[in-house]
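S.K.: The structure file query.cif (mmCIF, C-alpha atoms) is provided below.
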```cif
data_entry
loop_
_atom_site.label_atom_id
_atom_site.label_comp_id
_atom_site.auth_asym_id
_atom_site.auth_seq_id
_atom_site.Cartn_x
_atom_site.Cartn_y
_atom_site.Cartn_z
CA MET A 10 -95.29 -4.90 84.64
CA ASN A 11 -98.74 -3.28 84.24
CA GLU A 12 -99.93 -4.86 87.45
CA GLU A 13 -100.96 -3.97 90.98
CA TYR A 14 -98.41 -4.64 93.74
CA ASP A 15 -98.56 -4.23 97.51
CA VAL A 16 -95.06 -2.79 97.63
CA ILE A 17 -92.70 -1.46 94.96
CA VAL A 18 -89.03 -1.15 95.94
CA LEU A 19 -86.60 1.09 94.01
CA GLY A 20 -82.88 0.49 94.38
CA THR A 21 -81.11 -2.73 95.40
CA GLY A 22 -79.02 -1.42 98.29
CA LEU A 23 -78.85 -3.60 101.39
CA THR A 24 -81.64 -1.72 103.22
CA GLU A 25 -83.99 -2.06 100.24
CA CYS A 26 -83.19 -5.76 99.64
CA ILE A 27 -83.70 -6.73 103.29
CA LEU A 28 -87.04 -4.88 103.40
CA SER A 29 -88.17 -6.46 100.14
CA GLY A 30 -87.20 -9.90 101.52
CA ILE A 31 -89.11 -9.26 104.75
CA MET A 32 -92.20 -7.94 102.91
CA SER A 33 -92.21 -10.97 100.57
CA VAL A 34 -91.91 -13.39 103.50
CA ASN A 35 -94.84 -11.51 105.06
CA GLY A 36 -96.94 -12.43 102.04
CA LYS A 37 -96.85 -9.08 100.25
CA LYS A 38 -96.67 -8.92 96.45
CA VAL A 39 -93.40 -7.11 95.76
CA LEU A 40 -91.89 -5.57 92.61
CA HIS A 41 -88.23 -4.58 93.00
CA MET A 42 -86.50 -2.41 90.37
CA ASP A 43 -83.10 -0.76 89.99
CA ARG A 44 -81.89 1.67 87.32
CA ASN A 45 -78.41 0.07 87.48
CA PRO A 46 -77.47 -3.14 85.68
CA TYR A 47 -76.00 -4.55 88.95
CA TYR A 48 -77.20 -5.23 92.50
CA GLY A 49 -76.26 -3.18 95.53
CA GLY A 50 -76.79 0.49 94.57
CA GLU A 51 -74.54 2.54 96.84
CA SER A 52 -73.48 -0.59 98.74
CA ALA A 53 -72.34 -2.61 95.71
CA SER A 54 -69.07 -4.50 95.33
CA ILE A 55 -67.38 -3.50 92.06
CA THR A 56 -65.82 -6.14 89.82
CA PRO A 57 -63.66 -6.40 87.71
CA LEU A 58 -61.04 -3.89 88.88
CA GLU A 59 -61.23 -2.10 85.50
CA ASP A 60 -64.78 -0.99 86.40
CA LEU A 61 -63.54 0.60 89.62
CA TYR A 62 -60.95 2.63 87.67
CA LYS A 63 -63.69 3.76 85.27
CA ARG A 64 -66.10 4.60 88.07
CA PHE A 65 -63.53 6.86 89.75
CA LYS A 66 -62.41 8.25 86.37
CA ILE A 67 -58.81 7.09 86.82
CA PRO A 68 -57.14 7.19 83.38
CA GLY A 69 -55.63 4.08 81.83
CA ALA A 70 -55.97 0.43 82.79
CA PRO A 71 -54.90 -1.03 86.15
CA PRO A 72 -51.18 -1.95 86.06
CA ALA A 73 -50.23 -5.60 85.57
CA SER A 74 -49.03 -5.71 89.21
CA MET A 75 -52.71 -5.64 90.27
CA GLY A 76 -53.21 -9.18 88.96
CA ARG A 77 -56.40 -10.31 87.20
CA GLY A 78 -59.18 -7.73 87.14
CA ARG A 79 -61.87 -10.29 87.88
CA ASP A 80 -60.16 -11.40 91.10
CA TRP A 81 -61.32 -8.10 92.63
CA ASN A 82 -64.65 -7.35 94.36
CA VAL A 83 -64.25 -3.92 95.89
CA ASP A 84 -66.90 -2.63 98.30
CA LEU A 85 -67.92 0.98 97.78
CA ILE A 86 -69.11 1.17 101.38
CA PRO A 87 -66.94 -0.65 103.90
CA LYS A 88 -68.72 -2.36 106.79
CA PHE A 89 -68.32 -5.44 108.95
CA LEU A 90 -71.04 -7.48 110.66
CA MET A 91 -71.16 -7.75 114.46
CA ALA A 92 -71.21 -11.51 115.14
CA ASN A 93 -74.06 -11.12 117.61
CA GLY A 94 -75.61 -8.07 115.98
CA GLN A 95 -78.95 -7.43 114.34
CA LEU A 96 -77.92 -8.12 110.75
CA VAL A 97 -76.53 -11.55 111.62
CA LYS A 98 -79.82 -12.30 113.39
CA MET A 99 -81.72 -11.23 110.26
CA LEU A 100 -79.46 -13.46 108.14
CA LEU A 101 -79.92 -16.44 110.46
CA TYR A 102 -83.68 -16.04 110.88
CA THR A 103 -84.27 -15.69 107.15
CA GLU A 104 -81.71 -18.42 106.42
CA VAL A 105 -80.08 -16.13 103.87
CA THR A 106 -76.88 -17.54 105.41
CA ARG A 107 -77.18 -20.48 103.04
CA TYR A 108 -76.14 -18.25 100.16
CA LEU A 109 -73.13 -16.75 101.95
CA ASP A 110 -69.84 -17.72 103.55
CA PHE A 111 -68.31 -15.61 106.29
CA LYS A 112 -64.87 -15.20 107.77
CA VAL A 113 -64.04 -13.69 111.13
CA THR A 114 -62.06 -10.46 110.96
CA GLU A 115 -58.67 -10.99 112.58
CA GLY A 116 -58.53 -8.05 114.91
CA SER A 117 -59.86 -4.71 116.07
CA PHE A 118 -57.36 -1.96 116.80
CA VAL A 119 -57.49 1.49 118.31
CA TYR A 120 -55.26 4.51 117.66
CA LYS A 121 -53.52 6.30 120.52
CA GLY A 122 -50.74 8.85 120.28
CA GLY A 123 -49.88 8.01 116.67
CA LYS A 124 -49.66 4.22 117.25
CA ILE A 125 -52.20 1.43 116.98
CA TYR A 126 -53.02 -1.07 119.73
CA LYS A 127 -55.23 -4.16 119.81
CA VAL A 128 -58.55 -3.35 121.47
CA PRO A 129 -58.71 -5.25 124.77
CA SER A 130 -62.17 -6.64 125.32
CA THR A 131 -61.67 -9.64 127.59
CA GLU A 132 -60.24 -9.59 131.08
CA ALA A 133 -57.11 -11.43 129.95
CA GLU A 134 -56.49 -9.01 127.09
CA ALA A 135 -57.15 -6.01 129.32
CA LEU A 136 -54.52 -7.20 131.78
CA ALA A 137 -51.96 -7.78 129.02
CA SER A 138 -52.68 -4.60 127.06
CA SER A 139 -50.05 -1.88 126.74
CA LEU A 140 -52.82 0.72 126.38
CA MET A 141 -53.10 1.13 130.14
CA GLY A 142 -51.01 1.22 133.27
CA LEU A 143 -51.35 -1.44 135.96
CA PHE A 144 -53.85 0.34 138.24
CA GLU A 145 -55.91 1.48 135.28
CA LYS A 146 -56.11 -2.17 134.18
CA ARG A 147 -57.56 -3.25 137.49
CA ARG A 148 -60.21 -0.55 137.34
CA PHE A 149 -61.05 -1.38 133.73
CA ARG A 150 -61.35 -5.08 134.62
CA LYS A 151 -63.82 -4.20 137.39
CA PHE A 152 -65.80 -2.15 134.87
CA LEU A 153 -65.91 -5.07 132.37
CA VAL A 154 -67.12 -7.45 135.08
CA TYR A 155 -69.84 -4.93 136.01
CA VAL A 156 -70.94 -4.65 132.36
CA ALA A 157 -71.03 -8.43 131.92
CA ASN A 158 -73.29 -8.86 134.97
CA PHE A 159 -75.44 -5.80 134.22
CA ASP A 160 -79.15 -6.60 133.94
CA GLU A 161 -81.65 -3.74 133.88
CA LYS A 162 -84.31 -5.94 135.49
CA ASP A 163 -82.14 -7.07 138.40
CA PRO A 164 -81.42 -4.16 140.78
CA ARG A 165 -78.68 -6.18 142.54
CA THR A 166 -76.50 -5.93 139.42
CA LEU A 167 -76.90 -2.15 139.11
CA GLU A 168 -74.86 -1.08 142.16
CA GLY A 169 -76.87 2.10 142.63
CA ILE A 170 -76.81 3.14 138.98
CA ASP A 171 -80.15 3.98 137.33
CA PRO A 172 -79.89 2.72 133.72
CA LYS A 173 -82.50 5.20 132.51
CA LYS A 174 -81.16 8.25 134.38
CA THR A 175 -77.47 7.96 135.26
CA ALA A 176 -75.30 9.49 132.51
CA MET A 177 -72.48 7.34 131.13
CA ARG A 178 -69.99 10.00 132.27
CA GLU A 179 -71.02 9.22 135.89
CA VAL A 180 -70.51 5.48 135.37
CA TYR A 181 -66.96 6.09 134.14
CA LYS A 182 -66.39 8.28 137.22
CA LYS A 183 -67.70 5.56 139.52
CA PHE A 184 -65.00 3.20 138.18
CA ASP A 185 -62.44 6.01 138.10
CA LEU A 186 -61.52 5.41 134.44
CA GLY A 187 -59.06 7.82 132.75
CA GLN A 188 -59.59 9.70 129.47
CA ASP A 189 -57.72 7.20 127.23
CA VAL A 190 -59.73 4.29 128.57
CA ILE A 191 -62.96 6.25 128.17
CA ASP A 192 -61.92 6.98 124.57
CA PHE A 193 -61.43 3.40 123.53
CA THR A 194 -64.40 2.11 125.57
CA GLY A 195 -66.82 4.60 124.00
CA HIS A 196 -65.43 4.44 120.48
CA ALA A 197 -63.86 1.01 120.00
CA LEU A 198 -66.19 -1.08 122.20
CA ALA A 199 -69.49 0.82 122.27
CA LEU A 200 -68.71 2.08 118.73
CA TYR A 201 -69.97 5.65 119.13
CA ARG A 202 -68.76 8.12 116.50
CA THR A 203 -68.86 11.20 118.74
CA ASP A 204 -68.80 11.93 122.48
CA ASP A 205 -72.47 12.98 122.73
CA TYR A 206 -73.28 9.67 124.43
CA LEU A 207 -71.40 10.69 127.63
CA ASP A 208 -74.31 12.82 128.82
CA GLN A 209 -77.04 10.35 127.84
CA PRO A 210 -78.45 7.60 130.10
CA CYS A 211 -75.90 4.78 130.43
CA CYS A 212 -78.20 1.89 129.53
CA GLU A 213 -77.62 2.10 125.76
CA THR A 214 -73.82 2.30 126.14
CA ILE A 215 -73.63 -0.64 128.52
CA ASN A 216 -75.76 -2.74 126.16
CA ARG A 217 -73.48 -1.79 123.25
CA ILE A 218 -70.41 -2.93 125.18
CA LYS A 219 -72.26 -6.15 126.03
CA LEU A 220 -73.03 -6.68 122.32
CA TYR A 221 -69.33 -6.24 121.54
CA SER A 222 -68.23 -8.73 124.21
CA GLU A 223 -70.89 -11.28 123.29
CA SER A 224 -69.99 -10.97 119.59
CA LEU A 225 -66.36 -11.45 120.48
CA ALA A 226 -67.17 -14.48 122.61
CA ARG A 227 -68.75 -16.23 119.60
CA TYR A 228 -65.59 -16.52 117.52
CA GLY A 229 -62.69 -15.27 119.60
CA LYS A 230 -60.48 -13.15 117.34
CA SER A 231 -62.73 -10.14 116.92
CA PRO A 232 -66.47 -9.48 117.03
CA TYR A 233 -66.67 -8.82 113.29
CA LEU A 234 -67.60 -11.04 110.36
CA TYR A 235 -67.18 -10.37 106.65
CA PRO A 236 -68.68 -12.25 103.67
CA LEU A 237 -66.44 -13.91 101.09
CA TYR A 238 -66.63 -12.12 97.71
CA GLY A 239 -67.59 -8.82 99.36
CA LEU A 240 -70.60 -7.09 100.85
CA GLY A 241 -72.37 -7.02 97.48
CA GLU A 242 -73.28 -10.64 98.30
CA LEU A 243 -75.61 -9.50 101.11
CA PRO A 244 -78.24 -7.63 99.06
CA GLN A 245 -78.19 -10.48 96.52
CA GLY A 246 -78.87 -13.02 99.27
CA PHE A 247 -81.97 -11.13 100.40
CA ALA A 248 -83.01 -10.61 96.77
CA ARG A 249 -82.99 -14.42 96.36
CA LEU A 250 -85.09 -14.75 99.50
CA SER A 251 -87.62 -12.30 98.07
CA ALA A 252 -87.68 -14.18 94.75
CA ILE A 253 -88.39 -17.52 96.53
CA TYR A 254 -91.48 -15.87 98.00
CA GLY A 255 -92.71 -14.58 94.64
CA GLY A 256 -91.00 -11.19 94.56
CA THR A 257 -90.29 -9.85 91.03
CA TYR A 258 -86.86 -8.34 90.27
CA MET A 259 -85.92 -6.05 87.38
CA LEU A 260 -82.44 -4.56 86.95
CA ASN A 261 -81.50 -1.94 84.36
CA LYS A 262 -84.96 -0.31 84.58
CA PRO A 263 -84.97 3.48 84.17
CA ILE A 264 -87.50 4.99 86.58
CA GLU A 265 -89.31 7.79 84.75
CA GLU A 266 -91.74 8.94 87.39
CA ILE A 267 -93.13 8.13 90.82
CA ILE A 268 -96.84 8.79 90.45
CA VAL A 269 -98.51 10.53 93.37
CA GLN A 270 -102.25 11.29 93.58
CA ASN A 271 -103.76 13.46 96.33
CA GLY A 272 -100.42 13.33 98.14
CA LYS A 273 -100.28 9.52 98.16
CA VAL A 274 -98.16 7.21 95.98
CA ILE A 275 -100.15 5.13 93.50
CA GLY A 276 -97.48 3.74 91.17
CA VAL A 277 -94.20 3.95 89.28
CA LYS A 278 -93.69 4.63 85.57
CA SER A 279 -90.85 2.91 83.74
CA GLU A 280 -90.31 2.63 79.97
CA GLY A 281 -93.84 3.84 79.30
CA GLU A 282 -95.51 1.26 81.56
CA ILE A 283 -97.06 1.89 84.96
CA ALA A 284 -96.89 -0.50 87.89
CA ARG A 285 -99.36 0.38 90.62
CA CYS A 286 -98.68 0.05 94.33
CA LYS A 287 -99.96 0.83 97.82
CA GLN A 288 -96.54 1.50 99.34
CA LEU A 289 -93.13 2.44 97.96
CA ILE A 290 -89.66 1.88 99.46
CA CYS A 291 -86.65 3.57 97.86
CA ASP A 292 -83.19 4.98 98.44
CA PRO A 293 -82.67 8.78 98.40
CA SER A 294 -81.36 8.84 94.81
CA TYR A 295 -84.86 8.13 93.43
CA VAL A 296 -86.59 11.00 95.28
CA LYS A 297 -84.15 13.90 95.44
CA ASP A 298 -86.93 16.37 96.31
CA ARG A 299 -88.06 14.38 99.37
CA VAL A 300 -84.70 14.15 101.16
CA GLU A 301 -82.38 16.62 102.84
CA LYS A 302 -78.62 16.69 103.27
CA VAL A 303 -77.39 16.42 106.86
CA GLY A 304 -73.65 16.08 106.20
CA GLN A 305 -71.06 14.30 104.09
CA VAL A 306 -68.90 11.20 104.36
CA ILE A 307 -65.48 10.83 102.78
CA ARG A 308 -64.33 7.32 101.86
CA VAL A 309 -60.94 6.45 100.42
CA ILE A 310 -60.37 2.99 98.99
CA CYS A 311 -56.64 2.16 99.17
CA ILE A 312 -54.97 -0.77 97.45
CA LEU A 313 -51.90 -2.05 99.31
CA SER A 314 -49.37 -4.80 98.68
CA HIS A 315 -48.72 -5.34 102.39
CA PRO A 316 -50.63 -5.84 105.63
CA ILE A 317 -50.98 -2.78 107.89
CA LYS A 318 -48.02 -2.26 110.23
CA ASN A 319 -48.41 -3.28 113.90
CA THR A 320 -51.42 -5.51 113.24
CA ASN A 321 -49.45 -8.80 113.48
CA ASP A 322 -49.80 -9.12 109.69
CA ALA A 323 -53.57 -9.57 110.00
CA ASN A 324 -55.31 -10.33 106.68
CA SER A 325 -58.30 -8.33 107.88
CA CYS A 326 -58.85 -5.80 110.64
CA GLN A 327 -60.61 -2.68 111.78
CA ILE A 328 -58.82 0.37 113.14
CA ILE A 329 -60.70 3.08 115.00
CA ILE A 330 -59.13 6.49 115.46
CA PRO A 331 -61.11 8.14 118.28
CA GLN A 332 -61.90 11.80 117.57
CA ASN A 333 -60.08 13.04 120.71
CA GLN A 334 -56.81 11.57 119.46
CA VAL A 335 -56.83 13.74 116.33
CA ASN A 336 -58.73 16.82 117.57
CA ARG A 337 -61.94 16.06 115.73
CA LYS A 338 -65.62 15.70 116.58
CA SER A 339 -66.09 12.33 114.87
CA ASP A 340 -64.00 9.16 114.62
CA ILE A 341 -62.02 7.98 111.59
CA TYR A 342 -62.42 4.31 110.63
CA VAL A 343 -60.24 1.94 108.65
CA CYS A 344 -61.61 -1.39 107.36
CA MET A 345 -59.04 -3.74 105.87
CA ILE A 346 -59.69 -6.97 103.97
CA SER A 347 -57.60 -8.93 101.49
CA SER A 348 -57.25 -11.79 99.04
CA ALA A 349 -58.18 -14.10 101.96
CA HIS A 350 -61.78 -12.91 101.42
CA ASN A 351 -61.77 -13.38 97.63
CA VAL A 352 -62.04 -9.63 97.13
CA ALA A 353 -58.52 -8.88 95.85
CA ALA A 354 -55.78 -10.49 93.77
CA GLN A 355 -53.28 -12.75 95.57
CA GLY A 356 -51.07 -10.82 98.01
CA LYS A 357 -53.15 -7.63 97.77
CA TYR A 358 -55.00 -5.80 100.54
CA ILE A 359 -57.88 -3.31 100.39
CA ALA A 360 -58.06 -0.73 103.17
CA ILE A 361 -60.99 1.68 103.19
CA VAL A 362 -60.81 4.83 105.28
CA SER A 363 -64.02 6.66 106.16
CA THR A 364 -65.19 9.52 108.33
CA THR A 365 -67.80 12.24 108.60
CA VAL A 366 -66.59 15.41 106.84
CA GLU A 367 -66.00 18.34 109.21
CA THR A 368 -64.01 20.88 107.17
CA LYS A 369 -63.61 22.28 103.66
CA GLU A 370 -60.62 19.96 103.12
CA PRO A 371 -61.86 16.43 103.77
CA GLU A 372 -58.72 14.76 102.37
CA LYS A 373 -56.61 16.49 105.00
CA GLU A 374 -58.92 15.19 107.73
CA ILE A 375 -58.12 11.55 107.01
CA ARG A 376 -54.36 12.02 106.79
CA PRO A 377 -53.68 10.27 110.16
CA ALA A 378 -55.38 7.14 108.79
CA LEU A 379 -53.59 7.23 105.43
CA GLU A 380 -50.24 7.52 107.22
CA LEU A 381 -50.91 4.15 108.88
CA LEU A 382 -51.37 2.56 105.45
CA GLU A 383 -48.26 3.80 103.62
CA PRO A 384 -47.10 2.90 101.00
CA ILE A 385 -50.41 3.03 99.08
CA GLU A 386 -50.45 1.67 95.54
CA GLN A 387 -53.68 3.31 94.36
CA LYS A 388 -56.32 5.53 95.98
CA PHE A 389 -59.97 6.01 95.02
CA VAL A 390 -61.56 8.98 96.79
CA SER A 391 -65.30 9.57 97.10
CA ILE A 392 -67.24 12.19 99.03
CA SER A 393 -70.94 11.44 99.39
CA ASP A 394 -73.81 13.40 100.83
CA LEU A 395 -75.59 11.99 103.88
CA LEU A 396 -79.26 12.17 102.98
CA VAL A 397 -82.29 11.57 105.20
CA PRO A 398 -86.00 11.66 104.38
CA LYS A 399 -87.78 14.96 105.07
CA ASP A 400 -90.83 13.17 106.49
CA LEU A 401 -91.81 9.76 107.86
CA GLY A 402 -93.75 8.77 104.75
CA THR A 403 -97.02 8.17 106.63
CA GLU A 404 -98.97 10.54 104.34
CA SER A 405 -97.39 9.71 100.98
CA GLN A 406 -96.64 6.04 101.81
CA ILE A 407 -93.21 6.66 100.25
CA PHE A 408 -90.64 5.24 102.67
CA ILE A 409 -87.09 6.41 102.05
CA SER A 410 -83.95 4.83 103.48
CA ARG A 411 -81.09 6.86 104.90
CA THR A 412 -77.70 7.05 103.20
CA TYR A 413 -75.11 4.68 104.70
CA ASP A 414 -73.13 6.47 107.42
CA ALA A 415 -69.42 6.38 108.23
CA THR A 416 -69.67 3.58 110.83
CA THR A 417 -67.92 0.32 109.99
CA HIS A 418 -70.72 -1.99 111.07
CA PHE A 419 -74.37 -2.50 110.14
CA GLU A 420 -76.10 -1.71 113.43
CA THR A 421 -77.27 1.77 112.27
CA THR A 422 -78.48 0.31 108.94
CA CYS A 423 -80.52 -2.30 110.86
CA ASP A 424 -82.04 0.44 113.03
CA ASP A 425 -83.17 2.18 109.83
CA ILE A 426 -84.67 -1.08 108.48
CA LYS A 427 -86.61 -1.64 111.71
CA ASP A 428 -87.75 1.99 111.72
CA ILE A 429 -89.06 1.82 108.12
CA TYR A 430 -90.74 -1.52 108.87
CA LYS A 431 -92.56 0.01 111.83
CA ARG A 432 -93.67 3.06 109.82
CA MET A 433 -94.96 0.80 107.03
CA THR A 434 -96.76 -1.82 109.09
CA GLY A 435 -97.49 -0.05 112.36
CA SER A 436 -95.87 -2.88 114.33
CA GLU A 437 -92.38 -3.54 115.70
CA PHE A 438 -90.10 -5.77 113.65
CA ASP A 439 -90.08 -9.19 115.31
CA PHE A 440 -87.37 -11.69 114.36
CA GLU A 441 -89.28 -14.62 115.88
CA GLU A 442 -92.45 -13.77 113.97
CA MET A 443 -90.52 -13.78 110.72
CA LYS A 444 -88.96 -17.14 111.52
CA ARG A 445 -92.39 -18.65 112.21
CA LYS A 446 -93.79 -17.34 108.92
CA LYS A 447 -90.86 -18.87 107.03
CA ASN A 448 -91.38 -22.22 108.67
CA ASP A 449 -95.09 -22.16 107.80
CA ILE A 450 -94.22 -21.84 104.12
CA TYR A 451 -91.64 -24.61 104.21
CA GLY A 452 -93.98 -26.69 106.36
CA GLU A 453 -91.32 -27.44 109.01
CA ASP A 454 -91.88 -27.60 112.79
#
```
In structure tokens, what does this structure look like?

M.R.:
Amino acid sequence: MNEEYDVIVLGTGLTECILSGIMSVNGKKVLHMDRNPYYGGESASITPLEDLYKRFKIPGAPPASMGRGRDWNVDLIPKFLMANGQLVKMLLYTEVTRYLDFKVTEGSFVYKGGKIYKVPSTEAEALASSLMGLFEKRRFRKFLVYVANFDEKDPRTLEGIDPKKTAMREVYKKFDLGQDVIDFTGHALALYRTDDYLDQPCCETINRIKLYSESLARYGKSPYLYPLYGLGELPQGFARLSAIYGGTYMLNKPIEEIIVQNGKVIGVKSEGEIARCKQLICDPSYVKDRVEKVGQVIRVICILSHPIKNTNDANSCQIIIPQNQVNRKSDIYVCMISSAHNVAAQGKYIAIVSTTVETKEPEKEIRPALELLEPIEQKFVSISDLLVPKDLGTESQIFISRTYDATTHFETTCDDIKDIYKRMTGSEFDFEEMKRKKNDIYGED
């Protein structure tokens, strides 16, 4: 370990593992350490079930009705992958997909007036949906056609809207869409957590809706994918990629000190030895003095013995409760997966509720979601701080990832990865470039 590395990475969360994979592919000498004996850090999948009970300090062993403990792989942080999103592109370009198997999530639902409805995202579904009246459907269909044809570079497709200036609120007005439709478009299609986007230029929102539709078009049932055996498989896949390119991995390594000289990182001390480095990547838990708290997320893992009502008995789904529907500022999310994904015992379902905390009683805030899941066999509640780095790391060369937010997909995590990459290397993250470098090493085309 007493060596010089280009980059040392602390923590094996998804963000850290992807960055260590990318840096290794780019020819950097990487040392990757984690104080835990398992991969994944905050974004691990916990197995066997007994470990989950211990982690949440629930007394006693899981009841026999839960089946075999080792049939469970329970994600601490629930997220799905957008089929056409950035993480899938990273997986495809790096060929980490060879280590993973994915299943399409069976449906995406939205909450309105205490009930849940399938999210319409194709013309046919929009016309059949009971979320809207007949005239509303026609207007929504027109809007979807506009979004599908939208191309910033082709003024003919813009119909007088300026993508960089026109606020999204104005676009909704142009198509005369009502509040309920705006709610599910902004929150269940564009996947915003709050309504701040309404007054921002419409370009970003329209591209998000496009991403949703294109992701949906790839597999049909929903735009989301989920890996068999849980999300903990993702960081491990990238860790393998890093190892192929000479990256060194060490689990169960207590980190005693991050050594900084003249304001710049020069190494990491562990078990009396010092590994030197030029740059350091880590999650907030390794540098508590360099991050600040910007909020909290509550997550409740619920074990059920039944599919969620009104989802056509789906074995996996996402439910979005838009903030307007429950008088909140931010949305509540439910991610549900089951034994079909090799993450639970036969006939069992795992539903994870998450949202940004807004009051002193977070458990009350998620009640509307828990009511949809009744009866619940066992709950595991966690409230975690949302931490962000205090500075960009350009001086210290210590680059810190952000805590995983309450969204149920990985787009925000990928934005963070691209942001850290740019701060570290000074250039934009380029998927194509990475693909070329990989091919050079394997000597293919």

S.K.: Evaluate the PyMOL selection byres ((chain A and resi 182-184) around 10) on the structure here and hand back the selected residues as JSON, numbers by chain.

M.R.: {"A": [145, 147, 148, 149, 150, 151, 152, 155, 170, 177, 178, 179, 180, 181, 185, 186, 187, 191]}

S.K.: If we count all atoms listed in the file and set the cut-off at 10 Å, which residues sit around A:Glu265, ignoring sequence neighbours fewer than 5 positions away in its own chain? Please answer as a JSON list (two decimals) with C-alpha atoms, in the coordinates of the input.

M.R.:
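The result, stored in around_13.json:
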```json
[["chain", "number", "residue", "atom", "x", "y", "z"],
["A", 44, "ARG", "CA", -81.89, 1.67, 87.32],
["A", 277, "VAL", "CA", -94.20, 3.95, 89.28],
["A", 278, "LYS", "CA", -93.69, 4.63, 85.57],
["A", 279, "SER", "CA", -90.85, 2.91, 83.74],
["A", 280, "GLU", "CA", -90.31, 2.63, 79.97],
["A", 281, "GLY", "CA", -93.84, 3.84, 79.30],
["A", 282, "GLU", "CA", -95.51, 1.26, 81.56],
["A", 283, "ILE", "CA", -97.06, 1.89, 84.96],
["A", 295, "TYR", "CA", -84.86, 8.13, 93.43]]
```

S.K.: Per residue of stretch 147-264 of chain A within 6 Å of stretch 14-26 of chain A, record the nearest atom pair and its distance in Å to one decimal, counting all atoms listed in the file, with rows in chain order and ascending residue number, as CSV.

M.R.:
```
residue,atom,partner,partner_atom,distance
A:Pro244,CA,A:Leu23,CA,4.7
A:Phe247,CA,A:Cys26,CA,5.6
A:Ala248,CA,A:Cys26,CA,5.6
```

S.K.: Limited to C-alpha atoms, could you put the picked residues into a file as an mmCIF file, in the frame of the given file?

M.R.:
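Everything below was put into again_11.cif:
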```
data_model
loop_
_atom_site.group_PDB
_atom_site.id
_atom_site.type_symbol
_atom_site.label_atom_id
_atom_site.label_comp_id
_atom_site.auth_asym_id
_atom_site.auth_seq_id
_atom_site.Cartn_x
_atom_site.Cartn_y
_atom_site.Cartn_z
ATOM 1 C CA PRO A 244 -78.240 -7.630 99.060
ATOM 2 C CA PHE A 247 -81.970 -11.130 100.400
ATOM 3 C CA ALA A 248 -83.010 -10.610 96.770
#
```

S.K.: Just say which residues the PyMOL selection byres ((chain A and resi 238) around 9) picks in this file, as JSON, numbers by chain.

M.R.: {"A": [54, 81, 82, 83, 110, 236, 237, 239, 240, 241, 242, 350, 351, 352, 353]}

S.K.: Between A:Glu386, A:Asp428, A:Glu380, A:Glu223, which residue has the minimum interatomic distance to A:Met91, considering all atoms listed in the file?

M.R.: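 Among the listed residues, the smallest separation from A:Met91 belongs to A:Glu223.
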
S.K.: Up to 10 Å from (-74.3, 2.4, 124.8) in the file's coordinates: name the residues, counting only C-alpha atoms, as JSON, numbers by chain.

M.R.: {"A": [177, 194, 195, 198, 199, 200, 201, 206, 207, 209, 210, 211, 212, 213, 214, 215, 216, 217, 218, 219, 220]}

S.K.: Measuring atom to atom with only C-alpha atoms, identify which of A:Ala284, A:Ile307, A:Cys326, A:Ile426 is nearest to A:Pro371.

M.R.: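 Looking at the shortest contact to A:Pro371, the residue is A:Ile307.
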
S.K.: Would you mind listing what lies within 7 Å of A:Asp394 as a PyMOL selection string, with only C-alpha atoms counted and same-chain residues fewer than 4 positions away left out?

M.R.: chain A and resi 302+304-306

S.K.: Produce a file of the selected residues containing C-alpha atoms, as a compact mmCIF listing (two decimals), keeping the file's coordinate frame.

M.R.:
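Result file out-v6.txt:
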```
# COMPACT_ATOMS: atom_id res chain seq x y z
CA LYS A 302 -78.62 16.69 103.27
CA GLY A 304 -73.65 16.08 106.20
CA GLN A 305 -71.06 14.30 104.09
CA VAL A 306 -68.90 11.20 104.36
```

S.K.: Run through the PyMOL selection byres ((chain A and resi 71) around 10) on the given coordinates and return the selected residues as a list in words.

M.R.: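 Applied to this file, the PyMOL selection byres ((chain A and resi 71) around 10) returns Leu58, Glu59, Asp60, Leu61, Tyr62, Ile67, Pro68, Gly69, Ala70, Pro72, Ala73, Ser74, Met75, Gly76, Arg77, Gly78 and Gln387 of chain A.
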
S.K.: Could the residues in this selection be written to a file with C-alpha atoms, as a compact mmCIF listing (two decimals), keeping the file's coordinate frame?

M.R.:
```txt
# COMPACT_ATOMS: atom_id res chain seq x y z
CA LEU A 58 -61.04 -3.89 88.88
CA GLU A 59 -61.23 -2.10 85.50
CA ASP A 60 -64.78 -0.99 86.40
CA LEU A 61 -63.54 0.60 89.62
CA TYR A 62 -60.95 2.63 87.67
CA ILE A 67 -58.81 7.09 86.82
CA PRO A 68 -57.14 7.19 83.38
CA GLY A 69 -55.63 4.08 81.83
CA ALA A 70 -55.97 0.43 82.79
CA PRO A 72 -51.18 -1.95 86.06
CA ALA A 73 -50.23 -5.60 85.57
CA SER A 74 -49.03 -5.71 89.21
CA MET A 75 -52.71 -5.64 90.27
CA GLY A 76 -53.21 -9.18 88.96
CA ARG A 77 -56.40 -10.31 87.20
CA GLY A 78 -59.18 -7.73 87.14
CA GLN A 387 -53.68 3.31 94.36
```

S.K.: Residues proximal to (-63.6, 4.1, 105.6) were defined as those with any atom within 6 Å of that point in the file's coordinates, counting only C-alpha atoms. Which are they, as a tab-separated table (two decimals) with C-alpha atoms, in the frame of the given file?

M.R.:
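Final output, saved to selection_32.tsv:
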```tsv
chain	number	residue	atom	x	y	z
A	308	ARG	CA	-64.33	7.32	101.86
A	342	TYR	CA	-62.42	4.31	110.63
A	343	VAL	CA	-60.24	1.94	108.65
A	361	ILE	CA	-60.99	1.68	103.19
A	362	VAL	CA	-60.81	4.83	105.28
A	363	SER	CA	-64.02	6.66	106.16
```
